[in-house]
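Report on the structure given below.
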Amino acid sequence: MEASTAQRRRAAPPTAVLGIVGGGQLAKMTAQAATRLGLEVAVLERAREFPAQALDTRSSFGDWNDAATLIEFARGVDVVTLENEFVDARALHALEAAGHALYPTAAMIELVQDKLRQKEVLRAAGLPVADFRRVESPAEVAACAQDGFGWPMVLKKRRNAYDGKGNATVRTPADVERAWKEPGGGPGVFYVERFVPFERELAVMVARGRDGASVSYPTVETINREHVCRVVLAPAPVDSRAADEAQQLARAAAQSVGAVGSFGVELFHLRDGSLAINELAPRVHNTGHYTIEACDSSQFDNHVRAVMGWPLGSPRMQVPAACMVNLLGAGAGSGEPLGLVNALAVPGAHVHVYGKLSSSRGRKMGHVTALGASLESARATAERAADLIRFGEDSPS
């Protein structure tokens with residue numbers, strides 16, 4: 001006798017559940033990609049209200065740096081992934097030791113969390129990076145200048161630095177003393193890097209599967225404002241040699257640290273035409289948001305595929321050019337996007353508002369992507385729409 005519909009439904013395997021640690025805009029866009037592929041999504045957050053909460057996801061609340069909280073969260077999911085790289089590595093190791101699938105792995109996150117270790121691994125793999133050195137005192141920083149680094153140099157925090165926060169350009173020993181005395185400074189906190197006079201900043205998103213298979217997205221140029229990415233141009237307006245080399249370096253960097261998932265690689269394009277790797281981001285990344293509209297498979301699609309152990313999708317751009325413009329907070333205030341209706345009237349503008357409750361200066365509140373036959377036309381459309389939206393105290397009433 002043929003089984004009833006109800007019996008067949010009960011016999012079918014349950015839907016797989018992807019757990020995401022962190023509930024910001026990156027989790028939100030990852031969850032949107034996951035649900036399109038038939039997954040359920042669970043999110044662990046420390047706050048009661050967060051961008052990903054707007055979706056039909058399961059929410060858990062607790063400290064993601066606590067191993068017991070992570071393990072309890074993981075009991076209800078099949079695979080755990082991360083929205084950010086700042087989760088305590090000891091808690092992540094405990095999660096894996098309890099038998100739960102975590103991608104990227106705890107070992108990889110622990111490595112990338114320490115930017116000095118990042119550079120040491122990249123250099124050991126033969127990949128180009130700016131000269132750097134471990135330092136434990138202001139005197140050791142000054143000694144680097146005497147040993148060939150020269151002035152200025154860049155003093156960088158080893159941990160928890162992003163969007164330029166935690167980095168200081170030092171031009172004299174007095175600058176070093178001031179930076180060293182900032183809150184959170186001291187021995188074991190910083191490393192020093194030779195100042196690199198670059199022509200432009202480039203980035204490449206790589207998606208790498210559990211089996212080591214990888215794909216790389218087009219090389220893009222990033223244009224920053226006050227150390228925060230403002231504009232992404234895809235593909236970067238550089239010659240094919242530089243674009244191809246950037247992708248090769250990005251794939252090699254992802255391999256060198258054992259990446260799984262979508263992985264951002266930021267690079268400097270130097271004045272002599274050479275490249276140097278600046279920084280790694282072991283997650284979906286702001287410089288890859290354009291892939292949602294522009295590519296066969298977005299960085300979010302491929303992150304989900306990679307961590308689930310599924311085949312990777314094509315990173316091919318479907319159009320000649322794309323531009324992404326970040327919507328940055330003008331100051332402290334509401335998260336309401338003033339001017340949104342006007343921006344939506346711009347033909348060809350794809351507007352993404354993250355749904356954050358509050359704005360602060362330089363905070364990423366959303367983005368606009370536009371596609372075009374040229375970078376100039378795509379950028380004009382994206383910036384026209386972006387300029388109509390404001391967040392924060394300087395927003396028009």
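Chain labels A, B, ... are given in the sequence in which chains occur in the structure tokens; within each chain residues are numbered consecutively from 1, and ligands are likewise numbered from 1 in the order shown.
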Where does range 228-269 of chain A meet range 70-86 of chain A within 12 Å, residue by residue, with the nearest atom pair and distance in Å to one decimal for each, counting only C-alpha atoms, listed by chain and rising number, as JSON lines?
```
{"residue": "A:Val260", "atom": "CA", "partner": "A:Thr81", "partner_atom": "CA", "distance": 9.8}
{"residue": "A:Gly261", "atom": "CA", "partner": "A:Thr81", "partner_atom": "CA", "distance": 8.8}
{"residue": "A:Ser262", "atom": "CA", "partner": "A:Glu83", "partner_atom": "CA", "distance": 10.8}
{"residue": "A:Phe263", "atom": "CA", "partner": "A:Glu85", "partner_atom": "CA", "distance": 11.1}
{"residue": "A:Gly264", "atom": "CA", "partner": "A:Glu85", "partner_atom": "CA", "distance": 11.9}
```
*Excluding same-chain residues fewer than 2 positions from Asp244 in chain A, what lies within 12 Å of it counting only C-alpha atoms, as a ChimeraX atom specification?*
/A:202-204,216-220,235-236,238-242,246-251,275
With N, CA and C atoms retained, write the just-selected residues as a PDB file, in the first residue's frame.
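To be explicit, this is the file written out as out37.pdb:
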```pdb
ATOM      1  N   LEU A 202      43.511  46.874  -3.108  1.00  0.00           N
ATOM      2  CA  LEU A 202      42.760  45.856  -3.836  1.00  0.00           C
ATOM      3  C   LEU A 202      42.236  44.816  -2.857  1.00  0.00           C
ATOM      4  N   ALA A 203      41.276  44.034  -3.301  1.00  0.00           N
ATOM      5  CA  ALA A 203      40.759  42.941  -2.480  1.00  0.00           C
ATOM      6  C   ALA A 203      40.259  41.831  -3.390  1.00  0.00           C
ATOM      7  N   VAL A 204      40.326  40.614  -2.865  1.00  0.00           N
ATOM      8  CA  VAL A 204      39.820  39.440  -3.576  1.00  0.00           C
ATOM      9  C   VAL A 204      39.069  38.575  -2.576  1.00  0.00           C
ATOM     10  N   SER A 216      37.874  31.976  -6.925  1.00  0.00           N
ATOM     11  CA  SER A 216      38.156  33.354  -6.536  1.00  0.00           C
ATOM     12  C   SER A 216      37.316  34.303  -7.379  1.00  0.00           C
ATOM     13  N   TYR A 217      36.824  35.334  -6.723  1.00  0.00           N
ATOM     14  CA  TYR A 217      36.030  36.359  -7.391  1.00  0.00           C
ATOM     15  C   TYR A 217      36.952  37.388  -8.035  1.00  0.00           C
ATOM     16  N   PRO A 218      36.414  38.215  -8.913  1.00  0.00           N
ATOM     17  CA  PRO A 218      37.263  39.220  -9.565  1.00  0.00           C
ATOM     18  C   PRO A 218      37.992  40.107  -8.557  1.00  0.00           C
ATOM     19  N   THR A 219      39.179  40.538  -8.931  1.00  0.00           N
ATOM     20  CA  THR A 219      39.927  41.500  -8.124  1.00  0.00           C
ATOM     21  C   THR A 219      39.191  42.835  -8.156  1.00  0.00           C
ATOM     22  N   VAL A 220      39.010  43.441  -6.978  1.00  0.00           N
ATOM     23  CA  VAL A 220      38.294  44.713  -6.892  1.00  0.00           C
ATOM     24  C   VAL A 220      39.216  45.778  -6.294  1.00  0.00           C
ATOM     25  N   PRO A 235      35.254  44.989 -11.953  1.00  0.00           N
ATOM     26  CA  PRO A 235      36.600  44.605 -11.527  1.00  0.00           C
ATOM     27  C   PRO A 235      37.469  45.837 -11.309  1.00  0.00           C
ATOM     28  N   ALA A 236      38.588  45.643 -10.599  1.00  0.00           N
ATOM     29  CA  ALA A 236      39.496  46.750 -10.337  1.00  0.00           C
ATOM     30  C   ALA A 236      40.062  47.298 -11.640  1.00  0.00           C
ATOM     31  N   VAL A 238      42.789  47.826 -13.044  1.00  0.00           N
ATOM     32  CA  VAL A 238      44.225  47.540 -13.111  1.00  0.00           C
ATOM     33  C   VAL A 238      44.455  46.614 -14.298  1.00  0.00           C
ATOM     34  N   ASP A 239      45.719  46.469 -14.699  1.00  0.00           N
ATOM     35  CA  ASP A 239      45.996  45.602 -15.839  1.00  0.00           C
ATOM     36  C   ASP A 239      45.761  44.141 -15.461  1.00  0.00           C
ATOM     37  N   SER A 240      45.608  43.304 -16.472  1.00  0.00           N
ATOM     38  CA  SER A 240      45.244  41.907 -16.248  1.00  0.00           C
ATOM     39  C   SER A 240      46.310  41.169 -15.450  1.00  0.00           C
ATOM     40  N   ARG A 241      47.586  41.555 -15.611  1.00  0.00           N
ATOM     41  CA  ARG A 241      48.649  40.881 -14.852  1.00  0.00           C
ATOM     42  C   ARG A 241      48.447  41.087 -13.359  1.00  0.00           C
ATOM     43  N   ALA A 242      48.197  42.324 -12.949  1.00  0.00           N
ATOM     44  CA  ALA A 242      48.007  42.608 -11.529  1.00  0.00           C
ATOM     45  C   ALA A 242      46.742  41.940 -11.003  1.00  0.00           C
ATOM     46  N   ALA A 246      46.782  39.069  -8.124  1.00  0.00           N
ATOM     47  CA  ALA A 246      46.052  39.257  -6.867  1.00  0.00           C
ATOM     48  C   ALA A 246      45.200  38.035  -6.543  1.00  0.00           C
ATOM     49  N   GLN A 247      44.546  37.474  -7.556  1.00  0.00           N
ATOM     50  CA  GLN A 247      43.731  36.284  -7.314  1.00  0.00           C
ATOM     51  C   GLN A 247      44.597  35.090  -6.928  1.00  0.00           C
ATOM     52  N   GLN A 248      45.734  34.927  -7.578  1.00  0.00           N
ATOM     53  CA  GLN A 248      46.635  33.835  -7.225  1.00  0.00           C
ATOM     54  C   GLN A 248      47.130  33.963  -5.785  1.00  0.00           C
ATOM     55  N   LEU A 249      47.501  35.180  -5.386  1.00  0.00           N
ATOM     56  CA  LEU A 249      47.956  35.407  -4.017  1.00  0.00           C
ATOM     57  C   LEU A 249      46.842  35.153  -3.020  1.00  0.00           C
ATOM     58  N   ALA A 250      45.629  35.561  -3.363  1.00  0.00           N
ATOM     59  CA  ALA A 250      44.497  35.370  -2.450  1.00  0.00           C
ATOM     60  C   ALA A 250      44.206  33.889  -2.239  1.00  0.00           C
ATOM     61  N   ARG A 251      44.227  33.109  -3.310  1.00  0.00           N
ATOM     62  CA  ARG A 251      43.984  31.672  -3.169  1.00  0.00           C
ATOM     63  C   ARG A 251      45.091  31.019  -2.354  1.00  0.00           C
ATOM     64  N   LEU A 275      52.632  43.670  -5.694  1.00  0.00           N
ATOM     65  CA  LEU A 275      51.530  43.512  -4.739  1.00  0.00           C
ATOM     66  C   LEU A 275      52.065  43.032  -3.403  1.00  0.00           C
TER      67      LEU A 275
END
```
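You will find CA of Ala373 in chain A at 15.9 Å from CA of Val232 in chain A.
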Quick one: DSSP strand (DSSP E or B) residues in range 156-387 of chain A, as a CSV table (one decimal) with N, CA and C atoms, in the first residue's frame?
```
chain,number,residue,atom,x,y,z
A,156,LYS,N,50.7,48.5,14.8
A,156,LYS,CA,49.4,47.8,14.6
A,156,LYS,C,49.1,46.9,15.8
A,157,LYS,N,47.8,46.9,16.2
A,157,LYS,CA,47.4,46.0,17.3
A,157,LYS,C,47.3,44.6,16.7
A,167,ASN,N,45.3,50.8,14.6
A,167,ASN,CA,46.5,51.1,13.9
A,167,ASN,C,46.9,52.5,14.0
A,168,ALA,N,48.2,52.8,14.1
A,168,ALA,CA,48.6,54.2,14.2
A,168,ALA,C,49.9,54.4,13.4
A,169,THR,N,49.9,55.4,12.5
A,169,THR,CA,51.1,55.8,11.8
A,169,THR,C,51.9,56.6,12.7
A,170,VAL,N,53.2,56.1,13.0
A,170,VAL,CA,54.1,56.8,13.9
A,170,VAL,C,55.2,57.4,13.1
A,190,PHE,N,51.2,45.0,20.3
A,190,PHE,CA,51.5,45.6,19.0
A,190,PHE,C,52.5,44.8,18.2
A,191,TYR,N,52.5,45.0,17.0
A,191,TYR,CA,53.7,44.7,16.1
A,191,TYR,C,53.9,46.0,15.2
A,192,VAL,N,55.1,46.1,14.6
A,192,VAL,CA,55.3,47.2,13.8
A,192,VAL,C,55.5,46.7,12.4
A,193,GLU,N,55.1,47.6,11.4
A,193,GLU,CA,55.2,47.3,10.0
A,193,GLU,C,55.7,48.4,9.2
A,194,ARG,N,56.6,48.1,8.3
A,194,ARG,CA,57.1,49.2,7.4
A,194,ARG,C,56.0,49.9,6.7
A,198,PHE,N,51.5,52.8,-1.2
A,198,PHE,CA,50.8,52.1,-2.2
A,198,PHE,C,50.1,53.0,-3.2
A,199,GLU,N,49.8,52.5,-4.4
A,199,GLU,CA,49.0,53.2,-5.4
A,199,GLU,C,47.5,53.1,-5.2
A,200,ARG,N,47.1,51.9,-4.8
A,200,ARG,CA,45.7,51.7,-4.5
A,200,ARG,C,45.5,50.4,-3.7
A,201,GLU,N,44.3,50.3,-3.1
A,201,GLU,CA,44.1,49.1,-2.3
A,201,GLU,C,43.1,48.1,-3.1
A,202,LEU,N,43.5,46.9,-3.1
A,202,LEU,CA,42.8,45.9,-3.8
A,202,LEU,C,42.2,44.8,-2.9
A,203,ALA,N,41.3,44.0,-3.3
A,203,ALA,CA,40.8,42.9,-2.5
A,203,ALA,C,40.3,41.8,-3.4
A,204,VAL,N,40.3,40.6,-2.9
A,204,VAL,CA,39.8,39.4,-3.6
A,204,VAL,C,39.1,38.6,-2.6
A,205,MET,N,37.9,38.2,-2.9
A,205,MET,CA,37.1,37.2,-2.2
A,205,MET,C,37.4,35.8,-2.7
A,206,VAL,N,37.8,34.9,-1.8
A,206,VAL,CA,38.0,33.5,-2.2
A,206,VAL,C,37.0,32.6,-1.4
A,207,ALA,N,36.4,31.7,-2.1
A,207,ALA,CA,35.6,30.7,-1.4
A,207,ALA,C,36.3,29.3,-1.5
A,208,ARG,N,36.5,28.7,-0.3
A,208,ARG,CA,37.3,27.5,-0.3
A,208,ARG,C,36.5,26.4,0.5
A,214,SER,N,38.7,25.5,-4.5
A,214,SER,CA,38.4,26.9,-4.3
A,214,SER,C,38.1,27.7,-5.6
A,215,VAL,N,37.4,28.8,-5.4
A,215,VAL,CA,37.1,29.7,-6.5
A,215,VAL,C,37.5,31.1,-6.0
A,216,SER,N,37.9,32.0,-6.9
A,216,SER,CA,38.2,33.4,-6.5
A,216,SER,C,37.3,34.3,-7.4
A,220,VAL,N,39.0,43.4,-7.0
A,220,VAL,CA,38.3,44.7,-6.9
A,220,VAL,C,39.2,45.8,-6.3
A,221,GLU,N,38.9,47.0,-6.6
A,221,GLU,CA,39.5,48.1,-5.9
A,221,GLU,C,38.7,48.6,-4.8
A,222,THR,N,39.2,48.9,-3.6
A,222,THR,CA,38.5,49.5,-2.5
A,222,THR,C,39.0,50.9,-2.3
A,223,ILE,N,38.0,51.8,-2.1
A,223,ILE,CA,38.3,53.2,-1.8
A,223,ILE,C,37.8,53.6,-0.4
A,224,ASN,N,38.7,54.0,0.4
A,224,ASN,CA,38.3,54.2,1.8
A,224,ASN,C,38.1,55.7,2.2
A,225,ARG,N,37.3,55.9,3.2
A,225,ARG,CA,37.1,57.2,3.8
A,225,ARG,C,37.3,57.1,5.3
A,228,VAL,N,37.6,53.6,6.6
A,228,VAL,CA,36.4,52.7,6.4
A,228,VAL,C,36.1,52.6,4.9
A,229,CYS,N,35.9,51.4,4.4
A,229,CYS,CA,35.6,51.2,3.0
A,229,CYS,C,34.4,52.0,2.6
A,230,ARG,N,34.5,52.8,1.6
A,230,ARG,CA,33.4,53.6,1.1
A,230,ARG,C,32.9,53.0,-0.2
A,231,VAL,N,33.8,52.7,-1.2
A,231,VAL,CA,33.4,52.3,-2.5
A,231,VAL,C,34.2,51.1,-2.9
A,232,VAL,N,33.6,50.1,-3.6
A,232,VAL,CA,34.2,49.0,-4.2
A,232,VAL,C,33.9,49.0,-5.7
A,233,LEU,N,35.0,48.9,-6.5
A,233,LEU,CA,34.9,48.8,-7.9
A,233,LEU,C,35.2,47.5,-8.4
A,234,ALA,N,34.3,46.8,-9.2
A,234,ALA,CA,34.5,45.5,-9.7
A,234,ALA,C,34.3,45.5,-11.2
A,261,GLY,N,35.2,28.3,3.7
A,261,GLY,CA,34.1,29.3,3.6
A,261,GLY,C,34.6,30.5,2.7
A,262,SER,N,33.8,31.5,2.7
A,262,SER,CA,34.3,32.7,2.0
A,262,SER,C,35.3,33.5,2.8
A,263,PHE,N,36.3,34.1,2.2
A,263,PHE,CA,37.5,34.5,2.8
A,263,PHE,C,38.0,35.8,2.1
A,264,GLY,N,38.1,36.9,2.8
A,264,GLY,CA,38.5,38.1,2.2
A,264,GLY,C,40.0,38.3,2.3
A,265,VAL,N,40.7,38.8,1.3
A,265,VAL,CA,42.1,39.1,1.2
A,265,VAL,C,42.3,40.5,0.7
A,266,GLU,N,42.8,41.4,1.6
A,266,GLU,CA,43.1,42.7,1.2
A,266,GLU,C,44.6,42.9,0.8
A,267,LEU,N,44.8,43.6,-0.2
A,267,LEU,CA,46.2,43.8,-0.8
A,267,LEU,C,46.5,45.2,-1.1
A,268,PHE,N,47.8,45.5,-1.1
A,268,PHE,CA,48.3,46.8,-1.6
A,268,PHE,C,48.8,46.6,-3.0
A,269,HIS,N,48.5,47.5,-3.9
A,269,HIS,CA,49.0,47.6,-5.2
A,269,HIS,C,50.1,48.7,-5.2
A,270,LEU,N,51.3,48.4,-5.2
A,270,LEU,CA,52.4,49.3,-5.0
A,270,LEU,C,52.7,50.1,-6.2
A,275,LEU,N,52.6,43.7,-5.7
A,275,LEU,CA,51.5,43.5,-4.7
A,275,LEU,C,52.1,43.0,-3.4
A,276,ALA,N,51.4,43.4,-2.3
A,276,ALA,CA,51.7,42.9,-1.0
A,276,ALA,C,50.4,42.6,-0.3
A,277,ILE,N,50.3,41.5,0.4
A,277,ILE,CA,49.1,41.2,1.2
A,277,ILE,C,49.0,42.0,2.4
A,278,ASN,N,47.9,42.7,2.7
A,278,ASN,CA,47.8,43.5,3.9
A,278,ASN,C,47.1,42.8,5.0
A,279,GLU,N,46.0,42.2,4.8
A,279,GLU,CA,45.2,41.6,5.9
A,279,GLU,C,44.2,40.5,5.4
A,280,LEU,N,43.9,39.6,6.2
A,280,LEU,CA,43.0,38.5,5.9
A,280,LEU,C,41.7,38.7,6.8
A,281,ALA,N,40.6,38.3,6.2
A,281,ALA,CA,39.3,38.3,6.9
A,281,ALA,C,38.7,36.9,6.7
A,295,CYS,N,27.2,38.5,-9.6
A,295,CYS,CA,27.9,37.3,-9.9
A,295,CYS,C,26.9,36.1,-10.0
A,317,MET,N,31.3,37.1,-13.0
A,317,MET,CA,30.5,38.3,-13.1
A,317,MET,C,29.5,38.2,-14.3
A,321,ALA,N,30.7,45.4,-15.3
A,321,ALA,CA,31.1,46.2,-14.2
A,321,ALA,C,30.1,46.3,-13.1
A,322,ALA,N,30.6,46.5,-11.9
A,322,ALA,CA,29.7,46.8,-10.8
A,322,ALA,C,30.4,47.7,-9.8
A,323,CYS,N,29.5,48.4,-9.0
A,323,CYS,CA,30.1,49.3,-8.0
A,323,CYS,C,29.2,49.2,-6.8
A,324,MET,N,29.9,49.0,-5.6
A,324,MET,CA,29.2,49.0,-4.3
A,324,MET,C,29.6,50.2,-3.5
A,325,VAL,N,28.6,50.9,-3.0
A,325,VAL,CA,28.9,52.1,-2.1
A,325,VAL,C,28.3,51.8,-0.7
A,326,ASN,N,29.2,51.9,0.3
A,326,ASN,CA,28.7,51.7,1.7
A,326,ASN,C,27.9,52.9,2.1
A,327,LEU,N,26.8,52.6,2.9
A,327,LEU,CA,26.1,53.7,3.5
A,327,LEU,C,26.6,53.8,5.0
A,328,LEU,N,27.3,54.8,5.3
A,328,LEU,CA,28.0,55.0,6.5
A,328,LEU,C,27.2,56.0,7.4
A,333,GLY,N,22.7,58.7,16.3
A,333,GLY,CA,21.3,58.9,16.0
A,333,GLY,C,20.5,57.6,15.7
A,334,SER,N,19.4,57.8,15.1
A,334,SER,CA,18.5,56.6,14.8
A,334,SER,C,19.1,55.8,13.6
A,338,LEU,N,16.9,57.9,6.4
A,338,LEU,CA,16.2,59.0,5.8
A,338,LEU,C,16.6,59.2,4.3
A,349,ALA,N,19.6,51.0,-9.1
A,349,ALA,CA,20.2,51.0,-7.8
A,349,ALA,C,19.6,49.9,-7.0
A,350,HIS,N,20.5,49.0,-6.4
A,350,HIS,CA,20.0,48.0,-5.5
A,350,HIS,C,20.4,48.4,-4.1
A,351,VAL,N,19.4,48.7,-3.3
A,351,VAL,CA,19.6,49.3,-2.0
A,351,VAL,C,19.4,48.2,-0.9
A,352,HIS,N,20.4,48.1,0.0
A,352,HIS,CA,20.4,47.2,1.1
A,352,HIS,C,20.5,48.0,2.4
A,353,VAL,N,19.4,47.9,3.2
A,353,VAL,CA,19.5,48.6,4.5
A,353,VAL,C,19.5,47.5,5.6
A,358,SER,N,20.6,51.8,15.7
A,358,SER,CA,21.2,53.1,15.9
A,358,SER,C,22.4,53.3,15.0
A,359,SER,N,22.7,54.6,14.7
A,359,SER,CA,23.8,55.0,13.9
A,359,SER,C,24.9,55.6,14.7
A,364,LYS,N,28.7,51.0,9.4
A,364,LYS,CA,28.1,50.5,8.2
A,364,LYS,C,26.6,50.2,8.4
A,365,MET,N,25.8,51.0,7.8
A,365,MET,CA,24.3,50.9,8.0
A,365,MET,C,23.6,50.3,6.8
A,366,GLY,N,24.3,50.1,5.7
A,366,GLY,CA,23.7,49.5,4.5
A,366,GLY,C,24.7,49.7,3.3
A,367,HIS,N,24.2,49.3,2.2
A,367,HIS,CA,25.0,49.5,1.0
A,367,HIS,C,24.1,49.6,-0.3
A,368,VAL,N,24.7,50.2,-1.3
A,368,VAL,CA,24.0,50.3,-2.6
A,368,VAL,C,24.9,49.7,-3.7
A,369,THR,N,24.4,48.8,-4.5
A,369,THR,CA,25.1,48.2,-5.6
A,369,THR,C,24.4,48.6,-6.9
A,370,ALA,N,25.2,48.9,-7.9
A,370,ALA,CA,24.7,49.2,-9.3
A,370,ALA,C,25.6,48.4,-10.3
A,371,LEU,N,25.0,48.0,-11.3
A,371,LEU,CA,25.6,47.3,-12.4
A,371,LEU,C,25.7,48.2,-13.6
A,372,GLY,N,26.7,47.9,-14.5
A,372,GLY,CA,26.7,48.8,-15.7
A,372,GLY,C,27.6,48.2,-16.7
```
*Non-local contacts of Leu357 in chain A (9 Å; only C-alpha atoms; under 4 positions in same chain excluded) as number ranges by chain*: A: 49-51, 333-336
Restrict the selected residues to C-alpha atoms and save them as an mmCIF file, in the first residue's frame.
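Below is the file that was written, part_27.cif:
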```cif
data_model
loop_
_atom_site.group_PDB
_atom_site.id
_atom_site.type_symbol
_atom_site.label_atom_id
_atom_site.label_comp_id
_atom_site.auth_asym_id
_atom_site.auth_seq_id
_atom_site.Cartn_x
_atom_site.Cartn_y
_atom_site.Cartn_z
ATOM 1 C CA GLU A 49 17.725 42.939 18.882
ATOM 2 C CA PHE A 50 19.980 42.557 15.838
ATOM 3 C CA PRO A 51 19.772 42.784 12.019
ATOM 4 C CA GLY A 333 21.269 58.893 16.007
ATOM 5 C CA SER A 334 18.524 56.627 14.800
ATOM 6 C CA GLY A 335 19.052 53.743 12.431
ATOM 7 C CA GLU A 336 16.198 55.043 10.277
#
```
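Interatomic distance, CA of Phe195 in chain A against CA of Val154 in chain A: 5.8 Å.
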*Could you pull the residues within 7 Å of range 35-46 of chain A, counting only C-alpha atoms, minus those fewer than 3 positions along the same chain, as a PyMOL selection string?*
chain A and resi 15-23+31-32+57-63
Keeping C-alpha atoms, export the residues of the selection given above as a short mmCIF file (atom, residue, chain, number, x, y, z; two decimals), in the first residue's frame.
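Result went into result.cif, see below:
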```
data_model
loop_
_atom_site.label_atom_id
_atom_site.label_comp_id
_atom_site.auth_asym_id
_atom_site.auth_seq_id
_atom_site.Cartn_x
_atom_site.Cartn_y
_atom_site.Cartn_z
CA THR A 15 16.02 19.91 7.05
CA ALA A 16 19.64 20.68 7.87
CA VAL A 17 20.24 23.61 10.19
CA LEU A 18 23.07 26.12 9.81
CA GLY A 19 24.07 27.86 13.02
CA ILE A 20 25.60 31.34 12.77
CA VAL A 21 27.46 32.90 15.69
CA GLY A 22 26.70 36.62 15.48
CA GLY A 23 23.58 38.33 14.18
CA ALA A 31 20.99 33.49 6.32
CA GLN A 32 19.17 34.78 3.24
CA THR A 57 15.48 32.43 11.97
CA ARG A 58 15.78 30.78 15.36
CA SER A 59 17.43 33.08 17.88
CA SER A 60 19.48 32.20 20.95
CA PHE A 61 20.89 34.74 23.36
CA GLY A 62 24.10 34.40 25.32
CA ASP A 63 27.81 35.05 25.49
#
```
_Per-residue DSSP, range 182-330 of chain A, filtered to helix (DSSP H, G or I), as an MDAnalysis selection string_ = chainID A and resid 240:257 286:288 291:294 299:308
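Counting only C-alpha atoms, range 90-95 of chain A has the following residues at most 9 Å away, ignoring those fewer than 2 positions along the same chain: Trp64, Asn65, Asp66, Ala67, Ala68, Leu70, Ile71, Ala74, Val87, Asp88, Ala97, Ala98, Gly99, His100, Ala101, Leu102, Thr105, Ala106, Ala107, Ile109 and Glu110 of chain A.
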Go ahead and save the residues from that selection, with C-alpha atoms, as a compact mmCIF listing (two decimals), in the first residue's frame.
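The result, stored in selection-v7.txt:
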```txt
# COMPACT_ATOMS: atom_id res chain seq x y z
CA TRP A 64 29.44 33.50 22.43
CA ASN A 65 32.79 33.55 24.21
CA ASP A 66 31.45 31.04 26.75
CA ALA A 67 32.14 27.43 25.74
CA ALA A 68 29.04 26.04 27.46
CA LEU A 70 28.37 27.64 22.28
CA ILE A 71 27.99 23.91 22.91
CA ALA A 74 25.41 23.74 18.59
CA VAL A 87 34.92 34.80 19.13
CA ASP A 88 37.23 33.40 21.82
CA ALA A 97 36.17 18.89 21.17
CA ALA A 98 32.50 18.29 22.04
CA GLY A 99 32.05 16.82 18.54
CA HIS A 100 30.36 19.70 16.72
CA ALA A 101 31.16 20.72 13.15
CA LEU A 102 32.66 24.22 12.98
CA THR A 105 37.88 25.72 12.20
CA ALA A 106 38.97 26.90 15.64
CA ALA A 107 42.63 26.53 14.68
CA ILE A 109 40.31 31.41 13.60
CA GLU A 110 42.92 31.35 16.37
```
_Residues within 9 Å of Glu136 in chain A, only C-alpha atoms, excluding chain neighbours under 5 positions, as a ChimeraX atom specification_ = /A:141,186-191
*Nearest to Lys181 in chain A among A:Ser137, A:Gln53, A:Ser377, A:Asn160, with distances taken over only C-alpha atoms: which residue is it?*
A:Ser137
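CA of Ala294 in chain A to CA of Arg316 in chain A spans 8.3 Å [interatomic distance, one decimal].
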*Proximity to Thr381 in chain A - best of A:Arg361, A:Glu177, A:Glu96, A:Val346, only C-alpha atoms*: A:Val346
